[in-house]
Amino acid sequence: MTSRATESNLGLGSIVFAGGGTGGHISPGIAIAEQVAELAPEFERVFACSTRAVDARMLAHVGAAFVPITAEGLSLRPTRLIRFARAFLMGRAQSRRLLVERRARVVVALGGYVTAPVATAANALGVPVLLVNLDATPGKANRLVARRAARILTALPTPSMPSFAERVVGMPIRRAAIGDGTQAEARERLGLAPGFRTLLVTGASQGAASLNDLLALLLQEERPAFSGWQVLHLVGNADRAPVEAAYRAAGVRASVVPFVHEMGLAWRAADLSLSRAGANSVAEAVHNAVPTVFAPYPYHADLHQRWNAEPYAQEGLAVLADDLIDAQRNRATLGKELVGLMTDDARREQMRAQLDARPREDAAREIARVAIDMARASLVSRRPS
């Protein structure tokens with residue numbers, strides 16, 4: 001009787017979302033958590049995130065608890081390996097306390113280096129783990145967590161590991177990243193001018209220095225292409241001043257900001273975008289039907305972001321070009337593709353029409369239902385008979 005009264009007063013425990021360090025890990029978790037709040041409000045939602053500022057910035061708007069976990073990426077370099085091991089042990093201890101204190105019923109592992117210590121602690125405590133793979137190429141942490149995960153879903157097909165997950169569910173997209181209302185309303189809310197076509201430039205949550213440099217060069221050498229355009233440029237952690245100065249010198253209207261929380265407004269306002277090719281960015285651009293030139297992150301050894309955008313590029317729904325880092329080299333690849341779409345209204349509108357015609361998935365709701373079922377099953381199995 002006491003046990004049931006306690007559960008009634010305090011809720012049924014929590015669903016813990018483990019992952020962080022980039023918006024690509026946090027945003028899908030937010031999307032799933034939003035659906036959990038609707039479908040099963042009796043469960044508390046808690047994020048075990050990284051200590052990076054971007055996680056706190058994104059999670060501050062969610063209405064869910066979040067707890068930073070100490071973690072480092074795995075490296076075989078001796079000094080970094082020692083740091084990884086020390087952080088892993090600390091993070092696992094922190095995770096164990098979190099899971100016990102919040103009475104975790106299931107851990108939804110979202111990938112990234114925070115996932116491993118949380119999932120390891122969950123395994124030790126007997127808390128089931130639902131792994132949600134968010135990339136076409138499963139990362140090291142996901143491959144590790146998969147060994148003892150109770151269930152595995154993937155947002156994208158994994159051609160290099162075709163049997164990695166039980167099924168492909170699509171990318172969960174948070175509500176704030178889905179545009180609604182009219183394009184004019186979105187532009188007004190963002191302080192953009194009416195009567196101009198709008199280019200969105202985004203390097204995702206961290207920004208992209210190479211894309212910033214490319215735009216500065218294009219403003220000098222391809223100025224006619226910007227006629228009739230304004231730019232919403234998200235610079236991430238980079239210094240805004242030189243980017244703003246480049247637009248002023250070229251006489252091009254621009255709003256240069258570090259970050260937009262309601263990315264749905266940015267996508268709704270855009271006629272065209274230049275974006276990184278993280279799985280989350282690709283999913284948001286496609287869902288919001290924005291023709292996009294995707295520039296995969298160039299510092300991954302396997303350039304695995306290419307796989308996220310490749311299917312859409314092959315269908316003619318997007319453009320994919322390597323980021324060669326140097327602005328002059330990028331002008332001939334990324335720059336050429338971007339300018340081509342800025343100056344070809346018919347091609348751009350055809351791409352948008354094809355994107356609009358695609359069915360919209362509700363992956364967040366599907367994953368939330370799986371997590372809730374696991375949480376309820378865990379709750380029943382832990383109740384005293």
# chains A, B, ... in the order shown; residues from 1 in each chain; ligands from 1

$ residues_around --residues "Gly91 of chain A" --least-positions-apart "2" --cutoff "10 Å" --atoms "only C-alpha atoms" --output "PyMOL selection string"
chain A and resi 50+68-72+85-89+93-97+114-118+120-121

$ write_last_selection --atoms "C-alpha atoms" --output "short mmCIF file (atom, residue, chain, number, x, y, z; two decimals), in the first residue's frame"
data_model
loop_
_atom_site.label_atom_id
_atom_site.label_comp_id
_atom_site.auth_asym_id
_atom_site.auth_seq_id
_atom_site.Cartn_x
_atom_site.Cartn_y
_atom_site.Cartn_z
CA SER A 50 26.95 17.01 -21.87
CA PRO A 68 25.15 17.54 -17.19
CA ILE A 69 27.24 14.37 -17.20
CA THR A 70 31.04 14.38 -17.35
CA ALA A 71 32.23 12.65 -20.52
CA GLU A 72 34.95 12.79 -23.17
CA ALA A 85 38.90 6.86 -18.92
CA ARG A 86 38.83 9.31 -16.01
CA ALA A 87 35.77 11.11 -17.42
CA PHE A 88 34.01 7.81 -18.19
CA LEU A 89 34.34 6.60 -14.59
CA ALA A 93 29.04 7.38 -11.23
CA GLN A 94 27.08 10.56 -11.92
CA SER A 95 24.73 8.62 -14.20
CA ARG A 96 24.13 5.95 -11.59
CA ARG A 97 23.12 8.59 -9.02
CA VAL A 114 27.55 11.09 -23.10
CA THR A 115 25.57 8.01 -24.11
CA ALA A 116 28.16 5.41 -23.10
CA PRO A 117 28.52 6.20 -19.35
CA VAL A 118 24.74 6.60 -18.94
CA THR A 120 26.65 1.49 -18.85
CA ALA A 121 25.17 2.67 -15.55
#

$ residues_around --residues "Ile173 of chain A" --least-positions-apart "6" --cutoff "10 Å" --atoms "only C-alpha atoms" --output "mmCIF file with N, CA and C atoms, in the first residue's frame"
data_model
loop_
_atom_site.group_PDB
_atom_site.id
_atom_site.type_symbol
_atom_site.label_atom_id
_atom_site.label_comp_id
_atom_site.auth_asym_id
_atom_site.auth_seq_id
_atom_site.Cartn_x
_atom_site.Cartn_y
_atom_site.Cartn_z
ATOM 1 N N SER A 27 18.326 17.777 -30.251
ATOM 2 C CA SER A 27 17.042 18.085 -30.903
ATOM 3 C C SER A 27 16.133 16.866 -31.054
ATOM 4 N N PRO A 28 16.634 15.711 -31.534
ATOM 5 C CA PRO A 28 15.745 14.551 -31.632
ATOM 6 C C PRO A 28 15.229 14.101 -30.261
ATOM 7 N N GLY A 29 16.072 14.217 -29.246
ATOM 8 C CA GLY A 29 15.630 13.873 -27.891
ATOM 9 C C GLY A 29 14.495 14.777 -27.436
ATOM 10 N N ILE A 30 14.600 16.054 -27.742
ATOM 11 C CA ILE A 30 13.526 16.997 -27.412
ATOM 12 C C ILE A 30 12.234 16.588 -28.117
ATOM 13 N N ALA A 31 12.358 16.219 -29.393
ATOM 14 C CA ALA A 31 11.169 15.819 -30.157
ATOM 15 C C ALA A 31 10.472 14.618 -29.510
ATOM 16 N N ILE A 32 11.254 13.630 -29.095
ATOM 17 C CA ILE A 32 10.673 12.441 -28.457
ATOM 18 C C ILE A 32 10.074 12.820 -27.101
ATOM 19 N N GLU A 34 8.840 15.635 -26.162
ATOM 20 C CA GLU A 34 7.574 16.364 -26.366
ATOM 21 C C GLU A 34 6.413 15.393 -26.525
ATOM 22 N N ASN A 280 20.118 15.614 -38.453
ATOM 23 C CA ASN A 280 19.040 16.455 -37.967
ATOM 24 C C ASN A 280 18.784 17.623 -38.916
ATOM 25 N N SER A 281 19.851 18.268 -39.374
ATOM 26 C CA SER A 281 19.708 19.393 -40.302
ATOM 27 C C SER A 281 19.061 18.943 -41.608
ATOM 28 N N ALA A 283 17.062 16.371 -42.058
ATOM 29 C CA ALA A 283 15.659 16.045 -41.818
ATOM 30 C C ALA A 283 14.802 17.300 -41.713
ATOM 31 N N GLU A 284 15.321 18.318 -41.030
ATOM 32 C CA GLU A 284 14.561 19.557 -40.876
ATOM 33 C C GLU A 284 14.366 20.261 -42.214
ATOM 34 N N HIS A 287 11.828 18.153 -44.244
ATOM 35 C CA HIS A 287 10.486 18.233 -43.667
ATOM 36 C C HIS A 287 9.842 19.590 -43.955
ATOM 37 N N GLU A 361 6.684 12.024 -41.954
ATOM 38 C CA GLU A 361 6.704 10.961 -40.946
ATOM 39 C C GLU A 361 6.529 11.567 -39.560
ATOM 40 N N ASP A 362 6.020 10.760 -38.626
ATOM 41 C CA ASP A 362 5.947 11.200 -37.233
ATOM 42 C C ASP A 362 6.798 10.259 -36.398
ATOM 43 N N ALA A 363 8.099 10.320 -36.667
ATOM 44 C CA ALA A 363 9.029 9.401 -36.009
ATOM 45 C C ALA A 363 9.075 9.617 -34.507
ATOM 46 N N ALA A 364 8.979 10.880 -34.073
ATOM 47 C CA ALA A 364 9.069 11.180 -32.642
ATOM 48 C C ALA A 364 7.967 10.457 -31.867
ATOM 49 N N ARG A 365 6.775 10.445 -32.429
ATOM 50 C CA ARG A 365 5.657 9.784 -31.741
ATOM 51 C C ARG A 365 5.849 8.270 -31.700
#

$ residues_around --residues "Ser163 of chain A" --least-positions-apart "3" --cutoff "12 Å" --atoms "only C-alpha atoms" --output "list in words"
Pro138, Ala146, Ile152, Leu153, Thr154, Pro157, Thr158, Pro159, Ser160, Glu166, Arg167 and Val168 of chain A

$ residues_around --residues "Pro242 of chain A" --least-positions-apart "5" --cutoff "12 Å" --atoms "only C-alpha atoms" --output "list in words"
Ala209, Asn212, Asp213, Leu215, Ala216, Leu217, Val235, Tyr247, Arg248, Ala249 and Val256 of chain A

$ write_last_selection --atoms "C-alpha atoms" --output "PDB file, in the first residue's frame"
ATOM      1  CA  ALA A 209      33.684  28.801 -40.138  1.00  0.00           C
ATOM      2  CA  ASN A 212      31.109  31.850 -43.137  1.00  0.00           C
ATOM      3  CA  ASP A 213      34.311  32.347 -45.150  1.00  0.00           C
ATOM      4  CA  LEU A 215      29.798  33.610 -48.036  1.00  0.00           C
ATOM      5  CA  ALA A 216      32.247  36.460 -47.421  1.00  0.00           C
ATOM      6  CA  LEU A 217      34.050  35.535 -50.650  1.00  0.00           C
ATOM      7  CA  VAL A 235      27.149  31.847 -37.214  1.00  0.00           C
ATOM      8  CA  TYR A 247      27.342  41.904 -45.842  1.00  0.00           C
ATOM      9  CA  ARG A 248      27.513  45.647 -45.161  1.00  0.00           C
ATOM     10  CA  ALA A 249      30.427  46.084 -47.581  1.00  0.00           C
ATOM     11  CA  VAL A 256      23.601  37.641 -38.609  1.00  0.00           C
TER      12      VAL A 256
END

$ select_by_dssp --residues "segment 116-192 of chain A" --states "strand (DSSP E)" --output "JSON, numbers by chain"
{"A": [129, 130, 131, 132, 133, 151, 152, 153, 154, 167, 168]}

$ residues_around --residues "Ala136 of chain A" --least-positions-apart "2" --cutoff "10 Å" --atoms "only C-alpha atoms" --output "NGL selection string"
:A and (133-134 or 138-139 or 154-162 or 278-279 or 304-309)

$ write_last_selection --atoms "C-alpha atoms" --output "JSON list (two decimals), in the first residue's frame"
[["chain", "number", "residue", "atom", "x", "y", "z"],
["A", 133, "ASN", "CA", 20.61, 5.72, -33.84],
["A", 134, "LEU", "CA", 20.53, 9.11, -35.60],
["A", 138, "PRO", "CA", 26.51, 4.37, -36.35],
["A", 139, "GLY", "CA", 29.21, 6.01, -34.25],
["A", 154, "THR", "CA", 17.40, 3.96, -36.37],
["A", 155, "ALA", "CA", 16.35, 7.24, -37.92],
["A", 156, "LEU", "CA", 18.13, 6.43, -41.18],
["A", 157, "PRO", "CA", 19.10, 3.30, -43.08],
["A", 158, "THR", "CA", 22.58, 2.10, -42.09],
["A", 159, "PRO", "CA", 24.04, 0.69, -45.32],
["A", 160, "SER", "CA", 27.41, -0.11, -43.76],
["A", 161, "MET", "CA", 25.66, -2.12, -40.99],
["A", 162, "PRO", "CA", 22.31, -3.19, -42.51],
["A", 278, "GLY", "CA", 24.06, 16.43, -40.03],
["A", 279, "ALA", "CA", 21.14, 14.02, -39.97],
["A", 304, "HIS", "CA", 29.81, 10.22, -42.80],
["A", 305, "GLN", "CA", 27.51, 13.24, -43.05],
["A", 306, "ARG", "CA", 27.46, 12.64, -46.81],
["A", 307, "TRP", "CA", 25.28, 9.57, -46.24],
["A", 308, "ASN", "CA", 22.60, 11.69, -44.58],
["A", 309, "ALA", "CA", 22.04, 13.89, -47.64]]

$ residues_around --residues "Gly179 of chain A" --least-positions-apart "3" --cutoff "8 Å" --atoms "only C-alpha atoms" --output "NGL selection string"
:A and (176 or 263-268 or 288)

$ write_last_selection --atoms "C-alpha atoms" --output "short mmCIF file (atom, residue, chain, number, x, y, z; two decimals), in the first residue's frame"
data_model
loop_
_atom_site.label_atom_id
_atom_site.label_comp_id
_atom_site.auth_asym_id
_atom_site.auth_seq_id
_atom_site.Cartn_x
_atom_site.Cartn_y
_atom_site.Cartn_z
CA ALA A 176 10.26 24.32 -32.69
CA MET A 263 14.38 26.93 -36.21
CA GLY A 264 10.97 26.31 -37.72
CA LEU A 265 10.70 30.07 -38.24
CA ALA A 266 14.07 30.12 -40.02
CA TRP A 267 13.12 27.22 -42.30
CA ARG A 268 9.68 28.72 -42.99
CA ASN A 288 10.13 21.99 -44.16
#

$ select_by_dssp --residues "segment 141-194 of chain A" --states "helix (DSSP H, G or I)" --output "PyMOL selection string"
chain A and resi 141-146+175-177+183-189

$ closest_atom_pairs --of "segment 160-261 of chain A" --to "segment 337-356 of chain A" --cutoff "9 Å" --atoms "only C-alpha atoms" --output "tab-separated table"
residue	atom	partner	partner_atom	distance
A:Leu199	CA	A:Met342	CA	8.4
A:Leu218	CA	A:Val339	CA	8.6
A:Glu222	CA	A:Val339	CA	7.8
A:Ala225	CA	A:Thr343	CA	6.2
A:Phe226	CA	A:Met342	CA	7.6
A:Trp229	CA	A:Met342	CA	8.4

$ closest_residue --among "A:Ala124, A:Val145, A:Leu200, A:Met374" --to "Thr292 of chain A" --atoms "only C-alpha atoms"
A:Leu200

$ atom_distance --atom1 "atom CA of Ala295 of chain A" --atom2 "atom CA of Thr51 of chain A"
27.1 Å

$ residues_around --residues "Pro311 of chain A" --least-positions-apart "6" --cutoff "10 Å" --atoms "only C-alpha atoms" --output "PDB file with N, CA and C atoms, in the first residue's frame"
ATOM      1  N   LEU A 317      16.270  16.301 -54.907  1.00  0.00           N
ATOM      2  CA  LEU A 317      15.569  17.098 -53.909  1.00  0.00           C
ATOM      3  C   LEU A 317      16.505  18.034 -53.160  1.00  0.00           C
ATOM      4  N   ALA A 318      17.787  17.867 -53.337  1.00  0.00           N
ATOM      5  CA  ALA A 318      18.798  18.685 -52.664  1.00  0.00           C
ATOM      6  C   ALA A 318      20.078  18.608 -53.486  1.00  0.00           C
ATOM      7  N   LEU A 320      24.337  18.231 -52.998  1.00  0.00           N
ATOM      8  CA  LEU A 320      25.377  17.802 -52.069  1.00  0.00           C
ATOM      9  C   LEU A 320      26.732  18.117 -52.666  1.00  0.00           C
TER      10      LEU A 320
END

$ atom_distance --atom1 "atom CA of Val106 of chain A" --atom2 "atom CA of Arg360 of chain A"
27.5 Å

$ closest_residue --among "A:Ala250, A:Ala33, A:Met58, A:Leu211" --to "Ala371 of chain A" --atoms "only C-alpha atoms"
A:Ala33
